[in-house]
$ cat data_30.cif   # mmCIF, C-alpha atoms
data_protein
loop_
_atom_site.label_atom_id
_atom_site.label_comp_id
_atom_site.auth_asym_id
_atom_site.auth_seq_id
_atom_site.Cartn_x
_atom_site.Cartn_y
_atom_site.Cartn_z
CA MET A 4 -2.36 -9.93 24.04
CA VAL A 5 -4.23 -8.28 21.17
CA SER A 6 -3.85 -5.20 19.00
CA VAL A 7 -6.55 -3.38 17.07
CA GLY A 8 -6.90 -0.05 15.25
CA VAL A 9 -10.02 2.05 15.84
CA TRP A 10 -11.34 5.21 14.17
CA ARG A 11 -14.66 5.64 12.36
CA GLY A 12 -14.07 2.00 11.51
CA LYS A 13 -11.74 -0.66 12.87
CA THR A 14 -9.04 -3.04 11.77
CA GLY A 15 -9.12 -6.74 12.32
CA VAL A 16 -7.99 -7.96 15.73
CA ILE A 17 -4.34 -9.05 15.79
CA PHE A 18 -3.59 -11.79 18.31
CA ILE A 19 -0.08 -12.00 19.72
CA GLU A 20 1.09 -15.58 20.24
CA PRO A 21 1.34 -16.54 23.91
CA GLY A 22 4.94 -16.19 25.07
CA ALA A 23 5.99 -14.15 22.03
CA LYS A 24 8.67 -11.52 22.61
CA VAL A 25 7.23 -8.38 21.06
CA ASN A 26 10.40 -6.63 20.00
CA THR A 27 10.68 -4.13 17.16
CA SER A 28 11.11 -6.79 14.45
CA TYR A 29 8.12 -8.83 15.62
CA TYR A 30 5.98 -5.73 15.97
CA CYS A 31 6.89 -4.31 12.56
CA GLU A 32 6.56 -7.61 10.69
CA ARG A 33 3.66 -9.35 12.43
CA VAL A 34 1.53 -6.67 14.06
CA LEU A 35 1.99 -3.86 11.56
CA GLY A 36 3.03 -5.61 8.34
CA GLU A 37 0.67 -8.58 8.47
CA GLY A 38 -2.06 -7.03 10.58
CA LEU A 39 -2.81 -3.37 11.06
CA LEU A 40 -1.21 -1.73 8.01
CA PRO A 41 -3.04 -3.72 5.30
CA ASP A 42 -6.38 -2.82 6.93
CA ILE A 43 -5.41 0.83 7.43
CA ARG A 44 -4.20 1.18 3.81
CA ALA A 45 -7.39 -0.42 2.47
CA LYS A 46 -9.65 1.86 4.49
CA CYS A 47 -7.70 5.14 4.32
CA ARG A 48 -6.61 4.75 0.68
CA GLN A 49 -4.89 7.97 -0.43
CA TYR A 50 -5.64 9.90 2.78
CA ARG A 51 -2.95 10.67 5.36
CA TRP A 52 -3.32 8.88 8.66
CA THR A 53 -1.68 8.90 12.09
CA LEU A 54 -0.81 5.94 14.27
CA GLN A 55 -0.94 6.77 17.98
CA GLN A 56 0.68 4.39 20.43
CA ASP A 57 2.13 4.29 23.91
CA GLY A 58 5.83 4.48 24.69
CA ALA A 59 6.59 0.75 24.59
CA PRO A 60 10.10 0.15 23.14
CA SER A 61 8.71 -1.62 20.06
CA HIS A 62 6.49 1.45 19.39
CA THR A 63 9.27 4.03 19.67
CA ALA A 64 12.01 2.43 17.57
CA LYS A 65 13.17 4.25 14.43
CA LYS A 66 12.36 1.16 12.33
CA HIS A 67 8.73 1.35 13.48
CA ALA A 68 8.39 4.99 12.40
CA TRP A 69 10.08 4.21 9.07
CA VAL A 70 7.68 1.30 8.36
CA VAL A 71 4.64 3.49 9.09
CA GLN A 72 5.98 6.39 7.00
CA GLN A 73 6.64 4.07 4.05
CA GLN A 74 2.94 3.20 4.12
CA GLY A 75 1.81 6.85 4.03
CA GLY A 76 1.23 7.39 7.73
CA ARG A 77 2.90 9.16 10.59
CA VAL A 78 3.53 8.19 14.20
CA GLU A 79 2.36 10.28 17.12
CA PRO A 80 2.94 9.19 20.71
CA ILE A 81 0.04 9.34 23.13
CA SER A 82 0.54 11.98 25.80
CA VAL A 83 -0.45 10.74 29.22
#
$ encode --input "data_30.cif" --output "structure tokens"
Amino acid sequence: MVSVGVWRGKTGVIFIEPGAKVNTSYYCERVLGEGLLPDIRAKCRQYRWTLQQDGAPSHTAKKHAWVVQQQGGRVEPISV
């Protein structure tokens, strides 16, 4: 499994280890903290940004929203 952020640019590709359980802690620490957020902060600098994701449990947890907000962003679910 992979994760990547895309806008007028893109983040690096984040590879999820085979067999990894992607719970809220793993997602916040590995995917966001070590992967997507450093790239987003570097590219967006002082500008506000929004992270859109599906309704997977690791994407809807309060901890996830808190981590994103602490980095200057906001979370918006994708409407299907």
$ residues_near_point --input "data_30.cif" --point "(5.7, -3.7, 22.1)" --cutoff "6 Å" --atoms "all atoms listed in the file" --output "VMD selection string"
chain A and resid 25 to 26 59 to 62
$ residues_near_point --input "data_30.cif" --point "(3.7, 10.7, 8.1)" --cutoff "12 Å" --atoms "all atoms listed in the file" --output "list in words"
Tyr50, Arg51, Trp52, Thr53, Leu54, Gln55, His67, Ala68, Trp69, Val70, Val71, Gln72, Gln73, Gln74, Gly75, Gly76, Arg77, Val78 and Glu79 of chain A
$ axis_aligned_box --input "data_30.cif" --around "region 18-34 of chain A" --padding-each-side "4 Å" --output "JSON"
{"center_x": 3.8, "center_y": -10.3, "center_z": 17.9, "size_x": 22.7, "size_y": 20.4, "size_z": 22.4}
$ residues_around --input "data_30.cif" --residues "Val16 (chain A)" --least-positions-apart "2" --cutoff "10 Å" --atoms "all atoms listed in the file" --output "list in words"
Val5, Ser6, Val7, Gly8, Lys13, Thr14, Phe18, Ile19, Val34, Gly38 and Leu39 of chain A
$ atom_distance --input "data_30.cif" --atom1 "CA of Ile43 (chain A)" --atom2 "CA of Gln56 (chain A)"
14.8 Å
